[in-house]
$ cat final08.pdb   # PDB, C-alpha atoms, pLDDT in the B column
ATOM      1  CA  MET A   1      52.778   8.392  -6.913  1.00 71.00           C
ATOM      2  CA  LYS A   2      52.047  11.936  -5.855  1.00 74.00           C
ATOM      3  CA  SER A   3      48.263  11.359  -5.940  1.00 75.00           C
ATOM      4  CA  PHE A   4      48.669   8.203  -3.845  1.00 76.00           C
ATOM      5  CA  ILE A   5      50.489  10.123  -1.129  1.00 81.00           C
ATOM      6  CA  VAL A   6      47.860  12.891  -1.164  1.00 75.00           C
ATOM      7  CA  SER A   7      44.991  10.390  -0.873  1.00 77.00           C
ATOM      8  CA  LEU A   8      46.815   8.580   1.944  1.00 73.00           C
ATOM      9  CA  ILE A   9      47.263  11.852   3.868  1.00 81.00           C
ATOM     10  CA  LEU A  10      43.570  12.719   3.371  1.00 72.00           C
ATOM     11  CA  ALA A  11      42.536   9.271   4.627  1.00 71.00           C
ATOM     12  CA  ILE A  12      44.679   9.663   7.749  1.00 75.00           C
ATOM     13  CA  ILE A  13      43.175  13.096   8.435  1.00 73.00           C
ATOM     14  CA  CYS A  14      39.628  11.723   8.031  1.00 61.00           C
ATOM     15  CA  PHE A  15      40.239   8.813  10.394  1.00 61.00           C
ATOM     16  CA  ALA A  16      41.990  11.030  12.918  1.00 62.00           C
ATOM     17  CA  SER A  17      39.118  13.507  13.021  1.00 57.00           C
ATOM     18  CA  THR A  18      36.398  10.826  13.351  1.00 53.00           C
ATOM     19  CA  SER A  19      38.131   8.564  15.840  1.00 50.00           C
ATOM     20  CA  SER A  20      35.725   9.689  18.577  1.00 51.00           C
ATOM     21  CA  ALA A  21      32.866   8.088  16.672  1.00 50.00           C
ATOM     22  CA  PHE A  22      34.488   4.699  17.085  1.00 50.00           C
ATOM     23  CA  SER A  23      35.438   5.021  20.728  1.00 52.00           C
ATOM     24  CA  VAL A  24      33.378   3.352  23.435  1.00 52.00           C
ATOM     25  CA  ARG A  25      32.017   5.503  26.234  1.00 53.00           C
ATOM     26  CA  PRO A  26      32.281   4.112  29.740  1.00 54.00           C
ATOM     27  CA  GLY A  27      28.887   2.891  30.908  1.00 53.00           C
ATOM     28  CA  ALA A  28      27.606   2.462  27.346  1.00 49.00           C
ATOM     29  CA  VAL A  29      28.446  -1.226  27.285  1.00 49.00           C
ATOM     30  CA  VAL A  30      26.191  -3.564  29.251  1.00 51.00           C
ATOM     31  CA  SER A  31      27.720  -6.963  29.830  1.00 51.00           C
ATOM     32  CA  SER A  32      24.394  -8.815  29.900  1.00 48.00           C
ATOM     33  CA  PRO A  33      20.762  -7.722  29.634  1.00 49.00           C
ATOM     34  CA  LEU A  34      19.986  -9.763  32.750  1.00 49.00           C
ATOM     35  CA  SER A  35      22.814  -8.306  34.845  1.00 46.00           C
ATOM     36  CA  THR A  36      21.253  -4.910  35.564  1.00 48.00           C
ATOM     37  CA  ALA A  37      17.719  -4.121  36.607  1.00 48.00           C
ATOM     38  CA  SER A  38      17.826  -0.635  35.057  1.00 47.00           C
ATOM     39  CA  ALA A  39      18.407  -2.044  31.570  1.00 46.00           C
ATOM     40  CA  SER A  40      15.260  -4.185  31.686  1.00 49.00           C
ATOM     41  CA  ALA A  41      13.048  -1.599  33.438  1.00 53.00           C
ATOM     42  CA  SER A  42      12.906   0.914  30.620  1.00 53.00           C
ATOM     43  CA  THR A  43      10.026   3.394  30.605  1.00 59.00           C
ATOM     44  CA  THR A  44      10.535   4.571  27.043  1.00 62.00           C
ATOM     45  CA  SER A  45       7.297   4.853  25.108  1.00 58.00           C
ATOM     46  CA  LEU A  46       7.427   5.400  21.380  1.00 59.00           C
ATOM     47  CA  ASN A  47       4.366   6.072  19.279  1.00 58.00           C
ATOM     48  CA  VAL A  48       5.934   4.974  16.023  1.00 69.00           C
ATOM     49  CA  PHE A  49       2.660   4.204  14.297  1.00 70.00           C
ATOM     50  CA  GLY A  50       0.639   7.181  15.507  1.00 73.00           C
ATOM     51  CA  LYS A  51      -2.183   7.454  17.994  1.00 79.00           C
ATOM     52  CA  ARG A  52      -4.721   4.772  18.779  1.00 84.00           C
ATOM     53  CA  LYS A  53      -7.945   4.945  16.806  1.00 80.00           C
ATOM     54  CA  THR A  54     -11.142   5.833  18.567  1.00 89.00           C
ATOM     55  CA  LYS A  55     -14.175   3.560  18.417  1.00 90.00           C
ATOM     56  CA  ALA A  56     -15.861   6.004  16.033  1.00 90.00           C
ATOM     57  CA  GLN A  57     -12.908   5.838  13.630  1.00 87.00           C
ATOM     58  CA  ILE A  58     -12.871   2.044  13.774  1.00 86.00           C
ATOM     59  CA  GLU A  59     -16.621   1.869  13.077  1.00 89.00           C
ATOM     60  CA  GLU A  60     -16.235   4.326  10.184  1.00 86.00           C
ATOM     61  CA  GLU A  61     -13.483   2.185   8.633  1.00 82.00           C
ATOM     62  CA  GLU A  62     -15.583  -0.963   9.025  1.00 83.00           C
ATOM     63  CA  ALA A  63     -18.556   0.745   7.332  1.00 84.00           C
ATOM     64  CA  LEU A  64     -16.277   1.853   4.478  1.00 80.00           C
ATOM     65  CA  ALA A  65     -14.817  -1.651   4.148  1.00 79.00           C
ATOM     66  CA  ALA A  66     -18.332  -3.104   3.869  1.00 81.00           C
ATOM     67  CA  THR A  67     -18.974  -1.044   0.719  1.00 82.00           C
ATOM     68  CA  TYR A  68     -15.974  -2.546  -1.132  1.00 81.00           C
ATOM     69  CA  TRP A  69     -15.279  -6.023  -2.488  1.00 77.00           C
ATOM     70  CA  GLN A  70     -14.323  -8.280   0.413  1.00 77.00           C
ATOM     71  CA  GLY A  71     -12.637 -10.920  -1.739  1.00 79.00           C
ATOM     72  CA  GLU A  72      -9.242 -10.809  -3.408  1.00 84.00           C
ATOM     73  CA  TRP A  73      -8.167  -8.778  -6.433  1.00 87.00           C
ATOM     74  CA  VAL A  74      -5.687 -10.692  -8.599  1.00 89.00           C
ATOM     75  CA  CYS A  75      -3.415  -9.410 -11.372  1.00 89.00           C
ATOM     76  CA  LYS A  76      -4.211 -11.527 -14.439  1.00 86.00           C
ATOM     77  CA  ASP A  77      -0.682 -11.064 -15.816  1.00 87.00           C
ATOM     78  CA  CYS A  78       1.451 -12.256 -12.906  1.00 90.00           C
ATOM     79  CA  GLY A  79      -0.995 -13.572 -10.281  1.00 88.00           C
ATOM     80  CA  TYR A  80      -0.133 -10.915  -7.673  1.00 90.00           C
ATOM     81  CA  ILE A  81      -2.835 -10.689  -5.010  1.00 88.00           C
ATOM     82  CA  TYR A  82      -3.587  -7.067  -4.067  1.00 90.00           C
ATOM     83  CA  GLN A  83      -2.727  -6.349  -0.443  1.00 86.00           C
ATOM     84  CA  LYS A  84      -4.273  -3.232   1.066  1.00 83.00           C
ATOM     85  CA  GLN A  85      -1.440  -2.887   3.585  1.00 83.00           C
ATOM     86  CA  GLU A  86       1.241  -2.903   0.875  1.00 83.00           C
ATOM     87  CA  CYS A  87      -0.509  -0.297  -1.272  1.00 80.00           C
ATOM     88  CA  ALA A  88      -0.786   2.783   0.977  1.00 81.00           C
ATOM     89  CA  GLY A  89      -3.631   1.249   3.005  1.00 82.00           C
ATOM     90  CA  MET A  90      -6.140   1.939   0.229  1.00 85.00           C
ATOM     91  CA  PHE A  91      -8.836  -0.423  -0.980  1.00 85.00           C
ATOM     92  CA  PHE A  92      -8.409  -1.504  -4.607  1.00 86.00           C
ATOM     93  CA  GLU A  93     -11.490   0.470  -5.650  1.00 85.00           C
ATOM     94  CA  GLU A  94      -9.916   3.654  -4.241  1.00 86.00           C
ATOM     95  CA  GLN A  95      -6.832   3.343  -6.442  1.00 86.00           C
ATOM     96  CA  GLY A  96      -6.709   5.769  -9.353  1.00 85.00           C
ATOM     97  CA  ALA A  97      -6.470   4.994 -13.058  1.00 83.00           C
ATOM     98  CA  GLY A  98      -2.671   5.296 -12.918  1.00 88.00           C
ATOM     99  CA  PHE A  99      -2.297   2.422 -10.434  1.00 89.00           C
ATOM    100  CA  ARG A 100       0.081  -0.322 -11.551  1.00 90.00           C
ATOM    101  CA  CYS A 101       0.767  -3.796 -10.240  1.00 90.00           C
ATOM    102  CA  PRO A 102       3.681  -3.618  -7.794  1.00 89.00           C
ATOM    103  CA  GLN A 103       5.118  -6.865  -9.129  1.00 89.00           C
ATOM    104  CA  CYS A 104       4.831  -6.654 -12.936  1.00 93.00           C
ATOM    105  CA  SER A 105       3.753  -3.011 -13.535  1.00 90.00           C
ATOM    106  CA  GLY A 106       0.579  -4.161 -15.246  1.00 88.00           C
ATOM    107  CA  PRO A 107      -2.201  -1.550 -15.489  1.00 89.00           C
ATOM    108  CA  ARG A 108      -5.193  -1.485 -13.146  1.00 86.00           C
ATOM    109  CA  ARG A 109      -7.475  -2.949 -15.796  1.00 85.00           C
ATOM    110  CA  ARG A 110      -5.528  -6.236 -15.635  1.00 84.00           C
ATOM    111  CA  TYR A 111      -6.814  -6.896 -12.096  1.00 85.00           C
ATOM    112  CA  ALA A 112      -9.845  -9.115 -11.631  1.00 83.00           C
ATOM    113  CA  LYS A 113     -12.012 -10.253  -8.752  1.00 80.00           C
ATOM    114  CA  LYS A 114     -11.208 -13.708  -7.461  1.00 78.00           C
ATOM    115  CA  VAL A 115     -14.108 -15.799  -6.224  1.00 72.00           C
ATOM    116  CA  GLY A 116     -12.992 -19.232  -5.114  1.00 69.00           C
ATOM    117  CA  ASP A 117     -10.880 -20.537  -7.974  1.00 65.00           C
ATOM    118  CA  ARG A 118     -12.477 -18.334 -10.641  1.00 64.00           C
ATOM    119  CA  VAL A 119     -11.132 -14.961 -11.713  1.00 67.00           C
ATOM    120  CA  GLY A 120     -13.692 -12.479 -13.097  1.00 65.00           C
ATOM    121  CA  THR A 121     -13.384  -9.146 -14.882  1.00 58.00           C
ATOM    122  CA  THR A 122     -12.398  -5.760 -13.546  1.00 52.00           C
ATOM    123  CA  LEU A 123     -14.417  -2.631 -12.903  1.00 53.00           C
ATOM    124  CA  ASP A 124     -13.306  -0.952 -16.112  1.00 56.00           C
ATOM    125  CA  GLY A 125     -14.251  -3.717 -18.554  1.00 59.00           C
ATOM    126  CA  GLY A 126     -11.041  -5.693 -18.747  1.00 60.00           C
ATOM    127  CA  ASP A 127      -9.396  -6.151 -22.135  1.00 66.00           C
ATOM    128  CA  ALA A 128     -12.556  -6.579 -24.223  1.00 74.00           C
ATOM    129  CA  PRO A 129     -12.651  -2.959 -25.533  1.00 77.00           C
ATOM    130  CA  ILE A 130      -8.969  -3.093 -26.422  1.00 79.00           C
ATOM    131  CA  LEU A 131      -9.341  -6.379 -28.299  1.00 83.00           C
ATOM    132  CA  ILE A 132     -12.483  -5.262 -30.136  1.00 89.00           C
ATOM    133  CA  PHE A 133     -10.886  -2.044 -31.373  1.00 90.00           C
ATOM    134  CA  SER A 134      -7.634  -3.828 -32.253  1.00 92.00           C
ATOM    135  CA  PHE A 135      -9.363  -6.448 -34.398  1.00 93.00           C
ATOM    136  CA  GLY A 136     -11.577  -3.730 -35.875  1.00 94.00           C
ATOM    137  CA  GLY A 137      -8.482  -1.730 -36.817  1.00 95.00           C
ATOM    138  CA  VAL A 138      -6.896  -4.779 -38.447  1.00 96.00           C
ATOM    139  CA  ALA A 139     -10.075  -5.459 -40.431  1.00 96.00           C
ATOM    140  CA  LEU A 140     -10.272  -1.820 -41.593  1.00 96.00           C
ATOM    141  CA  THR A 141      -6.608  -1.876 -42.608  1.00 97.00           C
ATOM    142  CA  ILE A 142      -7.121  -5.030 -44.688  1.00 97.00           C
ATOM    143  CA  ALA A 143     -10.288  -3.583 -46.266  1.00 96.00           C
ATOM    144  CA  PHE A 144      -8.462  -0.360 -47.143  1.00 96.00           C
ATOM    145  CA  GLY A 145      -5.576  -2.362 -48.643  1.00 96.00           C
ATOM    146  CA  ILE A 146      -7.968  -4.338 -50.852  1.00 95.00           C
ATOM    147  CA  TRP A 147      -9.760  -1.148 -51.912  1.00 95.00           C
ATOM    148  CA  ALA A 148      -6.446   0.576 -52.709  1.00 95.00           C
ATOM    149  CA  VAL A 149      -5.222  -2.358 -54.868  1.00 95.00           C
ATOM    150  CA  GLU A 150      -8.470  -2.435 -56.899  1.00 93.00           C
ATOM    151  CA  ASN A 151      -8.943   1.320 -57.349  1.00 92.00           C
ATOM    152  CA  LEU A 152      -5.430   2.727 -57.649  1.00 83.00           C
TER     153      LEU A 152
END
$ encode --input "final08.pdb" --output "structure tokens"
Amino acid sequence: MKSFIVSLILAIICFASTSSAFSVRPGAVVSSPLSTASASASTTSLNVFGKRKTKAQIEEEEALAATYWQGEWVCKDCGYIYQKQECAGMFFEEQGAGFRCPQCSGPRRRYAKKVGDRVGTTLDGGDAPILIFSFGGVALTIAFGIWAVENL
């Protein structure tokens, strides 16, 4: 009961000290956006996304884009289509080895080029090296097991 009273007193003190945050200032409320000309004639200019690019910067970006794959990169695990805008504005080829699919966290090697309806292989060989070494390891393990049974 004592803790309830203490928490109630603290709540009252908090609300009493912040009551000015909830009060409405006169002139802050506009009845309608069409009622005053000053509300619609705002001269505020915000550069939220930075400065405009110069023609030289635009041409440089276009030349860089021409050196990369113009088609789509698709994650073979989940079907996510790589979007340059969603991934720090970098082309897929610029992503490092630690890049992961934003949707399924699949590694970069699971991405493939999409041409029409066909999906090809990635820049770093796809899964072929992994599968070859995995099956090779299984074969060596079986061979060692057979050798151990016959010789030990």
$ atom_distance --input "final08.pdb" --atom1 "CA of Gly136 (chain A)" --atom2 "CA of Pro107 (chain A)"
22.5 Å
$ axis_aligned_box --input "final08.pdb" --around "region 89-99 of chain A" --padding-each-side "4 Å" --output "AutoDock Vina command-line options"
--center_x -6.9 --center_y 2.1 --center_z -5.0 --size_x 17.2 --size_y 15.3 --size_z 24.1
$ resolve_selection --input "final08.pdb" --expression "the PyMOL selection byres ((chain A and resi 63-76) around 6)" --output "ChimeraX atom specification"
/A:60-62,77-82,110-114
$ residues_around --input "final08.pdb" --residues "region 86-89 of chain A" --least-positions-apart "6" --cutoff "12 Å" --atoms "all atoms listed in the file" --output "PyMOL selection string"
chain A and resi 61+65+80+95-96+99-103
$ atom_distance --input "final08.pdb" --atom1 "CA of Arg108 (chain A)" --atom2 "CA of Phe135 (chain A)"
22.2 Å
